[in-house]
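**Q** Dropping the structure in here first, questions after.
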Amino acid sequence: MTTSGIAFLFPGQGSQSVGMGRGLYDAFPAVKAVYEEASSVLGYDVAQLCFEGPAERLNLTEHTQPALLVSSAAALKALEPAGLTLVAVAGHSLGEYSAVYAAGGLSFRDAVALVQKRGRYMAEAVPPGTGLVAALLGLSADMVKAACQEAASAGVVAAANFNSPGQVVIAGEKAAVERAIEIAKTKGCKKAIPLPVSVPVHTPLMQRAADRLAAEFDGVTWHDLSVPLVNNAEAAALQRADDIRTSLVRQLPASVRWEESVQTMAGMGVTTFVEIGPGTVLTGLVKRILPGAATFNVHDPKSLEATVAALGVRNQA
């Protein structure tokens with residue numbers, strides 16, 4: 001195997017936890033600089049929020065989004081000296097911004113500022129406490145769509161994330177999501193898990209936020225990517241700056257087609273997936289989508305060391 005088969009993946013909301021990134025921050029001076037620069041953009045100490053919480057504040061969308069992007073950028077900085085060559089990058093929802101930054105499409109400061117606004121606009125699009133997000137396990141994508149359609153009389157509900165075979169996330173207005181869960185259980189849904197996401201992203205409820213975000217994009221410099229981004233909205237490989245911009249606007253009210261995205265990357269020759277940032281959610285999904293794929297993650301010094309060592313050994317094969 002060679003490094004030509006590697007893709008970097010970047011996590012989205014739900015992967016955050018108090019304490020994330022602290023090990024890398026303590027171990028690498030270059031990582032400290034990442035948090036310091038982000039704090040100067042955000043207007044608060046993002047390292048303190050990531051390391052000490054409280055969880056209630058970290059889990060607010062306006063804070064979660066920059067915190068996760070910064071944590072992923074910090075892990076990327078720690079991995080940088082390994083000099084890995086990539087086939088593609090991808091990110092789950094918010095993680096798509098981390099991926100665009102990693103591939104040179106946005107400056108770090110612009111990426112941090114945009115996701116702060118993205119989180120704020122998302123939160124303002126839906127009154128607090130009125131939305132709900134839940135993962136449904138054990139149903140096909142078509143059965144989940146049908147459950148959402150049947151629950152539509154109770155309000156807006158949609159399939160938000162097609163994550164892996166048998167795992168689809170739904171989101172929308174609270175009553176409608178609860179009704180869709182009830183219907184899904186009659187269709188054989190094994191489990192419904194509420195997720196720590198404070199707004200129903202990837203549903204039509206996010207169109208207003210997408211429109212506001214599109215206006216912000218006009219004030220930012222965008223660049224063509226150094227490697228293709230496999231996007232959420234179409235599971236397509238994009239590299240041109242204009243395509244990235246329009247894709248990120250479409251992303252908010254559209255479903256995340258993650259299962260298809262992983263298959264697209266496999267079709268591009270990716271055999272090794274490295275999750276950059278907190279948690280192991282995405283590598284877990286990859287294992288269900290492509291059981292034969294090699295998966296690694298970088299979120300602390302131990303996982304960094306293990307990933308670099310494993311890829312180094314594999315690259316000599």
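To be explicit about the labels: the chains of the structure tokens are called A, B, and onward in the order shown, and within each one the residues are counted from 1, while ligands get numbers from 1 in the order they are shown.
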Can you tell me, as a list in words, what residues are no more than 12 Å from Ala237 of chain A when counting only C-alpha atoms, ignoring any on the same chain fewer than 2 positions away?

**A**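 Contacts, with the query itself left out: Val87, Ala88, Val89, Ala90, Leu225, Val227, Pro228, Leu229, Val230, Asn231, Asn232, Ala233, Glu234, Ala235, Gln239, Arg240, Asp243, Ile244, Ser247, Glu260, Ser261, Val262, Gln263, Thr264, Met265, Ala266, Gly267 and Met268 of chain A.
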
**Q** List the neighbours of segment 43-49 of chain A out to 10 Å using only C-alpha atoms; skip same-chain residues closer than 3 positions along the sequence, and give me the result as a list of chain:residue names.

**A**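 Selected residues are A:Val18, A:Gly19, A:Met20, A:Gly21, A:Arg22, A:Tyr25, A:Lys32, A:Val34, A:Tyr35, A:Glu36, A:Glu37, A:Ala38, A:Ser39, A:Ser40, A:Glu52, A:Gly53, A:Pro54, A:Ala55, A:Arg57, A:Leu58, A:His63, A:Thr64, A:Pro66, A:Ala67, A:Leu68, A:Val70, A:Ser71.
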
**Q** Output N, CA and C atoms for every residue in the selection just made, as a PDB file, in the first residue's frame.

**A**
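And here's out-v9.pdb as it stands now:
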ATOM      1  N   VAL A  18     -16.294  17.466  26.527  1.00  0.00           N
ATOM      2  CA  VAL A  18     -15.425  18.307  27.360  1.00  0.00           C
ATOM      3  C   VAL A  18     -14.082  17.590  27.545  1.00  0.00           C
ATOM      4  N   GLY A  19     -12.998  18.330  27.329  1.00  0.00           N
ATOM      5  CA  GLY A  19     -11.659  17.764  27.414  1.00  0.00           C
ATOM      6  C   GLY A  19     -11.038  17.470  26.061  1.00  0.00           C
ATOM      7  N   MET A  20     -11.837  17.559  24.988  1.00  0.00           N
ATOM      8  CA  MET A  20     -11.313  17.222  23.657  1.00  0.00           C
ATOM      9  C   MET A  20     -10.146  18.137  23.275  1.00  0.00           C
ATOM     10  N   GLY A  21      -9.098  17.517  22.770  1.00  0.00           N
ATOM     11  CA  GLY A  21      -7.933  18.250  22.271  1.00  0.00           C
ATOM     12  C   GLY A  21      -6.885  18.604  23.302  1.00  0.00           C
ATOM     13  N   ARG A  22      -7.165  18.381  24.574  1.00  0.00           N
ATOM     14  CA  ARG A  22      -6.236  18.847  25.610  1.00  0.00           C
ATOM     15  C   ARG A  22      -4.859  18.186  25.501  1.00  0.00           C
ATOM     16  N   TYR A  25      -2.872  19.809  22.802  1.00  0.00           N
ATOM     17  CA  TYR A  25      -2.553  21.173  23.226  1.00  0.00           C
ATOM     18  C   TYR A  25      -1.349  21.170  24.165  1.00  0.00           C
ATOM     19  N   LYS A  32      -1.035  24.844  20.342  1.00  0.00           N
ATOM     20  CA  LYS A  32      -1.464  25.971  21.192  1.00  0.00           C
ATOM     21  C   LYS A  32      -1.740  27.202  20.341  1.00  0.00           C
ATOM     22  N   VAL A  34      -2.831  27.331  17.356  1.00  0.00           N
ATOM     23  CA  VAL A  34      -4.107  27.162  16.658  1.00  0.00           C
ATOM     24  C   VAL A  34      -5.252  27.674  17.531  1.00  0.00           C
ATOM     25  N   TYR A  35      -5.252  27.271  18.807  1.00  0.00           N
ATOM     26  CA  TYR A  35      -6.316  27.703  19.728  1.00  0.00           C
ATOM     27  C   TYR A  35      -6.243  29.207  19.988  1.00  0.00           C
ATOM     28  N   GLU A  36      -5.031  29.732  20.099  1.00  0.00           N
ATOM     29  CA  GLU A  36      -4.878  31.167  20.365  1.00  0.00           C
ATOM     30  C   GLU A  36      -5.410  31.999  19.208  1.00  0.00           C
ATOM     31  N   GLU A  37      -5.098  31.571  17.982  1.00  0.00           N
ATOM     32  CA  GLU A  37      -5.582  32.319  16.811  1.00  0.00           C
ATOM     33  C   GLU A  37      -7.105  32.251  16.730  1.00  0.00           C
ATOM     34  N   ALA A  38      -7.656  31.072  16.993  1.00  0.00           N
ATOM     35  CA  ALA A  38      -9.111  30.930  16.959  1.00  0.00           C
ATOM     36  C   ALA A  38      -9.782  31.798  18.010  1.00  0.00           C
ATOM     37  N   SER A  39      -9.205  31.848  19.196  1.00  0.00           N
ATOM     38  CA  SER A  39      -9.791  32.665  20.275  1.00  0.00           C
ATOM     39  C   SER A  39      -9.827  34.137  19.895  1.00  0.00           C
ATOM     40  N   SER A  40      -8.800  34.575  19.159  1.00  0.00           N
ATOM     41  CA  SER A  40      -8.764  35.983  18.741  1.00  0.00           C
ATOM     42  C   SER A  40      -9.864  36.289  17.736  1.00  0.00           C
ATOM     43  N   GLU A  52     -12.609  22.543  29.499  1.00  0.00           N
ATOM     44  CA  GLU A  52     -13.277  22.613  30.805  1.00  0.00           C
ATOM     45  C   GLU A  52     -14.800  22.709  30.726  1.00  0.00           C
ATOM     46  N   GLY A  53     -15.330  22.998  29.532  1.00  0.00           N
ATOM     47  CA  GLY A  53     -16.776  23.124  29.397  1.00  0.00           C
ATOM     48  C   GLY A  53     -17.307  24.421  29.984  1.00  0.00           C
ATOM     49  N   PRO A  54     -18.511  24.392  30.596  1.00  0.00           N
ATOM     50  CA  PRO A  54     -19.338  23.209  30.865  1.00  0.00           C
ATOM     51  C   PRO A  54     -19.966  22.613  29.605  1.00  0.00           C
ATOM     52  N   ALA A  55     -20.390  21.346  29.693  1.00  0.00           N
ATOM     53  CA  ALA A  55     -20.956  20.646  28.544  1.00  0.00           C
ATOM     54  C   ALA A  55     -22.160  21.384  27.970  1.00  0.00           C
ATOM     55  N   ARG A  57     -22.714  24.491  27.711  1.00  0.00           N
ATOM     56  CA  ARG A  57     -22.279  25.598  26.843  1.00  0.00           C
ATOM     57  C   ARG A  57     -21.621  25.048  25.574  1.00  0.00           C
ATOM     58  N   LEU A  58     -20.800  24.008  25.733  1.00  0.00           N
ATOM     59  CA  LEU A  58     -20.130  23.411  24.582  1.00  0.00           C
ATOM     60  C   LEU A  58     -21.141  22.836  23.595  1.00  0.00           C
ATOM     61  N   HIS A  63     -21.486  27.407  19.783  1.00  0.00           N
ATOM     62  CA  HIS A  63     -20.171  27.121  20.365  1.00  0.00           C
ATOM     63  C   HIS A  63     -19.596  25.800  19.868  1.00  0.00           C
ATOM     64  N   THR A  64     -20.469  24.815  19.673  1.00  0.00           N
ATOM     65  CA  THR A  64     -20.006  23.495  19.240  1.00  0.00           C
ATOM     66  C   THR A  64     -19.252  23.574  17.923  1.00  0.00           C
ATOM     67  N   PRO A  66     -17.524  26.066  16.104  1.00  0.00           N
ATOM     68  CA  PRO A  66     -16.124  26.490  16.092  1.00  0.00           C
ATOM     69  C   PRO A  66     -15.240  25.605  16.965  1.00  0.00           C
ATOM     70  N   ALA A  67     -15.760  25.117  18.092  1.00  0.00           N
ATOM     71  CA  ALA A  67     -14.953  24.264  18.969  1.00  0.00           C
ATOM     72  C   ALA A  67     -14.498  23.001  18.243  1.00  0.00           C
ATOM     73  N   LEU A  68     -15.400  22.390  17.486  1.00  0.00           N
ATOM     74  CA  LEU A  68     -15.033  21.184  16.743  1.00  0.00           C
ATOM     75  C   LEU A  68     -14.084  21.496  15.589  1.00  0.00           C
ATOM     76  N   VAL A  70     -11.933  23.922  15.395  1.00  0.00           N
ATOM     77  CA  VAL A  70     -10.621  24.238  15.969  1.00  0.00           C
ATOM     78  C   VAL A  70      -9.939  22.956  16.466  1.00  0.00           C
ATOM     79  N   SER A  71     -10.694  22.062  17.091  1.00  0.00           N
ATOM     80  CA  SER A  71     -10.122  20.809  17.570  1.00  0.00           C
ATOM     81  C   SER A  71      -9.608  19.954  16.412  1.00  0.00           C
TER      82      SER A  71
END

**Q** Please list as a list in words every residue within 8 Å of segment 189-197 of chain A, counting only C-alpha atoms and excluding residues in the same chain fewer than 6 positions away.

**A** Gln13, Gly14, Asn59, Leu60, Thr61, Leu132, Val133, Ala134, Ala135, Leu136, Leu137, Gly138, Leu139 and Ile181 of chain A

**Q** Selection from above, N, CA and C atoms, as a PDB file, in the first residue's frame, can you write it?

**A**
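What follows is the written file out.pdb:
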ATOM      1  N   GLN A  13     -21.069  17.746  14.445  1.00  0.00           N
ATOM      2  CA  GLN A  13     -21.701  17.857  15.762  1.00  0.00           C
ATOM      3  C   GLN A  13     -22.143  16.493  16.277  1.00  0.00           C
ATOM      4  N   GLY A  14     -21.986  16.305  17.570  1.00  0.00           N
ATOM      5  CA  GLY A  14     -22.230  15.030  18.201  1.00  0.00           C
ATOM      6  C   GLY A  14     -20.935  14.368  18.625  1.00  0.00           C
ATOM      7  N   ASN A  59     -22.257  22.321  24.098  1.00  0.00           N
ATOM      8  CA  ASN A  59     -23.247  21.673  23.242  1.00  0.00           C
ATOM      9  C   ASN A  59     -24.190  22.643  22.545  1.00  0.00           C
ATOM     10  N   LEU A  60     -24.090  23.937  22.848  1.00  0.00           N
ATOM     11  CA  LEU A  60     -24.863  24.926  22.095  1.00  0.00           C
ATOM     12  C   LEU A  60     -24.243  25.075  20.710  1.00  0.00           C
ATOM     13  N   THR A  61     -25.075  24.965  19.684  1.00  0.00           N
ATOM     14  CA  THR A  61     -24.586  24.923  18.303  1.00  0.00           C
ATOM     15  C   THR A  61     -23.602  26.046  17.976  1.00  0.00           C
ATOM     16  N   LEU A 132     -35.721  18.622  17.303  1.00  0.00           N
ATOM     17  CA  LEU A 132     -35.224  17.358  17.840  1.00  0.00           C
ATOM     18  C   LEU A 132     -34.466  16.633  16.743  1.00  0.00           C
ATOM     19  N   VAL A 133     -33.386  15.941  17.134  1.00  0.00           N
ATOM     20  CA  VAL A 133     -32.574  15.150  16.215  1.00  0.00           C
ATOM     21  C   VAL A 133     -32.409  13.765  16.831  1.00  0.00           C
ATOM     22  N   ALA A 134     -32.590  12.711  16.038  1.00  0.00           N
ATOM     23  CA  ALA A 134     -32.475  11.352  16.565  1.00  0.00           C
ATOM     24  C   ALA A 134     -31.942  10.406  15.499  1.00  0.00           C
ATOM     25  N   ALA A 135     -31.135   9.443  15.928  1.00  0.00           N
ATOM     26  CA  ALA A 135     -30.643   8.398  15.034  1.00  0.00           C
ATOM     27  C   ALA A 135     -31.571   7.200  15.104  1.00  0.00           C
ATOM     28  N   LEU A 136     -31.982   6.692  13.945  1.00  0.00           N
ATOM     29  CA  LEU A 136     -32.811   5.496  13.872  1.00  0.00           C
ATOM     30  C   LEU A 136     -31.949   4.323  13.389  1.00  0.00           C
ATOM     31  N   LEU A 137     -31.986   3.231  14.129  1.00  0.00           N
ATOM     32  CA  LEU A 137     -31.163   2.068  13.809  1.00  0.00           C
ATOM     33  C   LEU A 137     -32.031   0.923  13.319  1.00  0.00           C
ATOM     34  N   GLY A 138     -31.571   0.265  12.264  1.00  0.00           N
ATOM     35  CA  GLY A 138     -32.211  -0.967  11.824  1.00  0.00           C
ATOM     36  C   GLY A 138     -33.230  -0.830  10.709  1.00  0.00           C
ATOM     37  N   LEU A 139     -33.373   0.373  10.140  1.00  0.00           N
ATOM     38  CA  LEU A 139     -34.297   0.562   9.026  1.00  0.00           C
ATOM     39  C   LEU A 139     -33.544   0.979   7.767  1.00  0.00           C
ATOM     40  N   ILE A 181     -40.584   8.722  15.023  1.00  0.00           N
ATOM     41  CA  ILE A 181     -39.954   7.640  15.802  1.00  0.00           C
ATOM     42  C   ILE A 181     -40.981   6.555  16.115  1.00  0.00           C
TER      43      ILE A 181
END

**Q** Rank A:Asn161, A:Thr221, A:Thr272, A:Thr130 by their smallest atom-to-atom distance to Leu205 of chain A, using only C-alpha atoms, and report the top residue only.

**A**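 The closest residue to Leu205 of chain A is A:Thr130.
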
**Q** When distances are computed from only C-alpha atoms, which of A:Leu84, A:Ala7, A:Ala154, A:Val270 shows the smallest separation from Glu178 of chain A?

**A**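 When distances to Glu178 of chain A are compared using only C-alpha atoms, the smallest one comes from A:Ala154.
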
**Q** Within 10 Å of His223 of chain A, counting only C-alpha atoms, which residues show up once you throw out same-chain ones fewer than 3 positions away? Write them as a list in words, please.

**A** Val100, Tyr101, Ala103, Gly104, Gly105, Leu106, Ser107, Val220, Ser226, Gln239, Arg240, Ala241, Asp242, Ile244 and Arg245 of chain A

**Q** Save the residues we just selected, C-alpha atoms, as a short mmCIF file (atom, residue, chain, number, x, y, z; two decimals), in the first residue's frame?

**A**
data_model
loop_
_atom_site.label_atom_id
_atom_site.label_comp_id
_atom_site.auth_asym_id
_atom_site.auth_seq_id
_atom_site.Cartn_x
_atom_site.Cartn_y
_atom_site.Cartn_z
CA VAL A 100 -12.35 22.63 3.03
CA TYR A 101 -9.85 24.37 5.31
CA ALA A 103 -7.59 21.27 1.47
CA GLY A 104 -6.74 24.98 1.23
CA GLY A 105 -10.16 26.32 0.29
CA LEU A 106 -10.42 28.76 3.21
CA SER A 107 -8.01 30.49 5.56
CA VAL A 220 -14.61 35.66 2.13
CA SER A 226 -5.46 21.07 -3.36
CA GLN A 239 -12.38 21.02 -6.31
CA ARG A 240 -13.30 24.41 -7.79
CA ALA A 241 -13.84 27.29 -5.38
CA ASP A 242 -17.23 28.27 -6.85
CA ILE A 244 -17.40 24.49 -2.95
CA ARG A 245 -19.21 27.71 -2.06
#

**Q** Could you pull the residues within 7 Å of His92 of chain A, counting only C-alpha atoms, minus those fewer than 6 positions along the same chain, as number ranges by chain?

**A** A: 10-12

**Q** Run DSSP on the backbone and tell me which residues of segment 71-246 of chain A come out as alpha helix (DSSP H); list them as a ChimeraX atom specification.

**A** /A:71-79,95-102,108-125,141-150,174-186,207-217,241-246

**Q** Take the residues from that selection and write them out as a CSV table (one decimal), in the first residue's frame, keeping C-alpha atoms.

**A**
chain,number,residue,atom,x,y,z
A,71,SER,CA,-10.1,20.8,17.6
A,72,SER,CA,-9.9,19.2,14.1
A,73,ALA,CA,-7.5,21.9,12.9
A,74,ALA,CA,-5.3,21.2,16.0
A,75,ALA,CA,-5.2,17.5,15.2
A,76,LEU,CA,-4.4,18.3,11.6
A,77,LYS,CA,-1.5,20.5,12.7
A,78,ALA,CA,-0.1,17.8,14.9
A,79,LEU,CA,-0.3,15.3,12.0
A,95,GLY,CA,-16.9,18.8,9.4
A,96,GLU,CA,-17.1,19.8,5.7
A,97,TYR,CA,-15.8,23.2,6.7
A,98,SER,CA,-12.8,21.6,8.4
A,99,ALA,CA,-12.2,19.5,5.2
A,100,VAL,CA,-12.4,22.6,3.0
A,101,TYR,CA,-9.8,24.4,5.3
A,102,ALA,CA,-7.6,21.3,5.3
A,108,PHE,CA,-8.2,29.3,9.2
A,109,ARG,CA,-9.5,32.6,10.4
A,110,ASP,CA,-12.2,32.7,7.7
A,111,ALA,CA,-13.2,29.1,8.5
A,112,VAL,CA,-13.5,29.8,12.2
A,113,ALA,CA,-15.6,33.0,11.6
A,114,LEU,CA,-17.9,31.3,9.2
A,115,VAL,CA,-18.7,28.3,11.4
A,116,GLN,CA,-19.4,30.7,14.3
A,117,LYS,CA,-21.9,32.5,12.1
A,118,ARG,CA,-23.2,29.2,10.8
A,119,GLY,CA,-24.0,28.0,14.3
A,120,ARG,CA,-25.6,31.3,15.3
A,121,TYR,CA,-27.8,31.4,12.2
A,122,MET,CA,-28.8,27.8,12.6
A,123,ALA,CA,-29.8,28.4,16.2
A,124,GLU,CA,-31.7,31.5,15.3
A,125,ALA,CA,-33.6,29.7,12.5
A,141,ALA,CA,-33.3,4.6,4.0
A,142,ASP,CA,-36.6,4.2,2.1
A,143,MET,CA,-38.4,3.0,5.3
A,144,VAL,CA,-37.1,6.0,7.2
A,145,LYS,CA,-38.2,8.4,4.4
A,146,ALA,CA,-41.6,6.8,4.5
A,147,ALA,CA,-41.9,7.2,8.3
A,148,CYS,CA,-41.0,10.9,7.9
A,149,GLN,CA,-43.7,11.3,5.2
A,150,GLU,CA,-46.3,9.7,7.4
A,174,LYS,CA,-40.0,18.1,18.0
A,175,ALA,CA,-43.6,16.7,17.8
A,176,ALA,CA,-43.0,15.5,14.2
A,177,VAL,CA,-39.7,13.8,15.0
A,178,GLU,CA,-41.4,12.0,18.0
A,179,ARG,CA,-44.2,10.9,15.8
A,180,ALA,CA,-41.8,9.7,13.1
A,181,ILE,CA,-40.0,7.6,15.8
A,182,GLU,CA,-43.2,6.0,16.8
A,183,ILE,CA,-44.0,5.1,13.2
A,184,ALA,CA,-40.4,3.9,12.6
A,185,LYS,CA,-40.8,1.5,15.5
A,186,THR,CA,-43.9,-0.1,13.9
A,207,GLN,CA,-33.1,27.3,4.5
A,208,ARG,CA,-33.2,30.7,6.2
A,209,ALA,CA,-29.9,30.0,7.9
A,210,ALA,CA,-28.5,28.9,4.5
A,211,ASP,CA,-29.6,32.1,2.8
A,212,ARG,CA,-28.0,34.2,5.6
A,213,LEU,CA,-24.8,32.2,5.4
A,214,ALA,CA,-24.6,32.6,1.6
A,215,ALA,CA,-24.5,36.4,2.1
A,216,GLU,CA,-21.5,35.9,4.4
A,217,PHE,CA,-19.7,33.9,1.8
A,241,ALA,CA,-13.8,27.3,-5.4
A,242,ASP,CA,-17.2,28.3,-6.9
A,243,ASP,CA,-18.5,24.7,-6.6
A,244,ILE,CA,-17.4,24.5,-2.9
A,245,ARG,CA,-19.2,27.7,-2.1
A,246,THR,CA,-22.5,26.7,-3.6

**Q** To one decimal place, how far is atom CA of Thr283 of chain A from atom CA of Thr295 of chain A in Å?

**A**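 So the answer is 5.8 Å.
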
**Q** Any idea what's packed within 7 Å of Phe273 of chain A, counting only C-alpha atoms, ignoring anything in its chain fewer than 5 positions away? Could you give it as a ChimeraX atom specification?

**A** /A:6-9,294-296

**Q** What gap, in Å, lies between atom CA of Thr280 of chain A and atom CA of Ser303 of chain A?

**A**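 Interatomic distance here is 10.8 Å.
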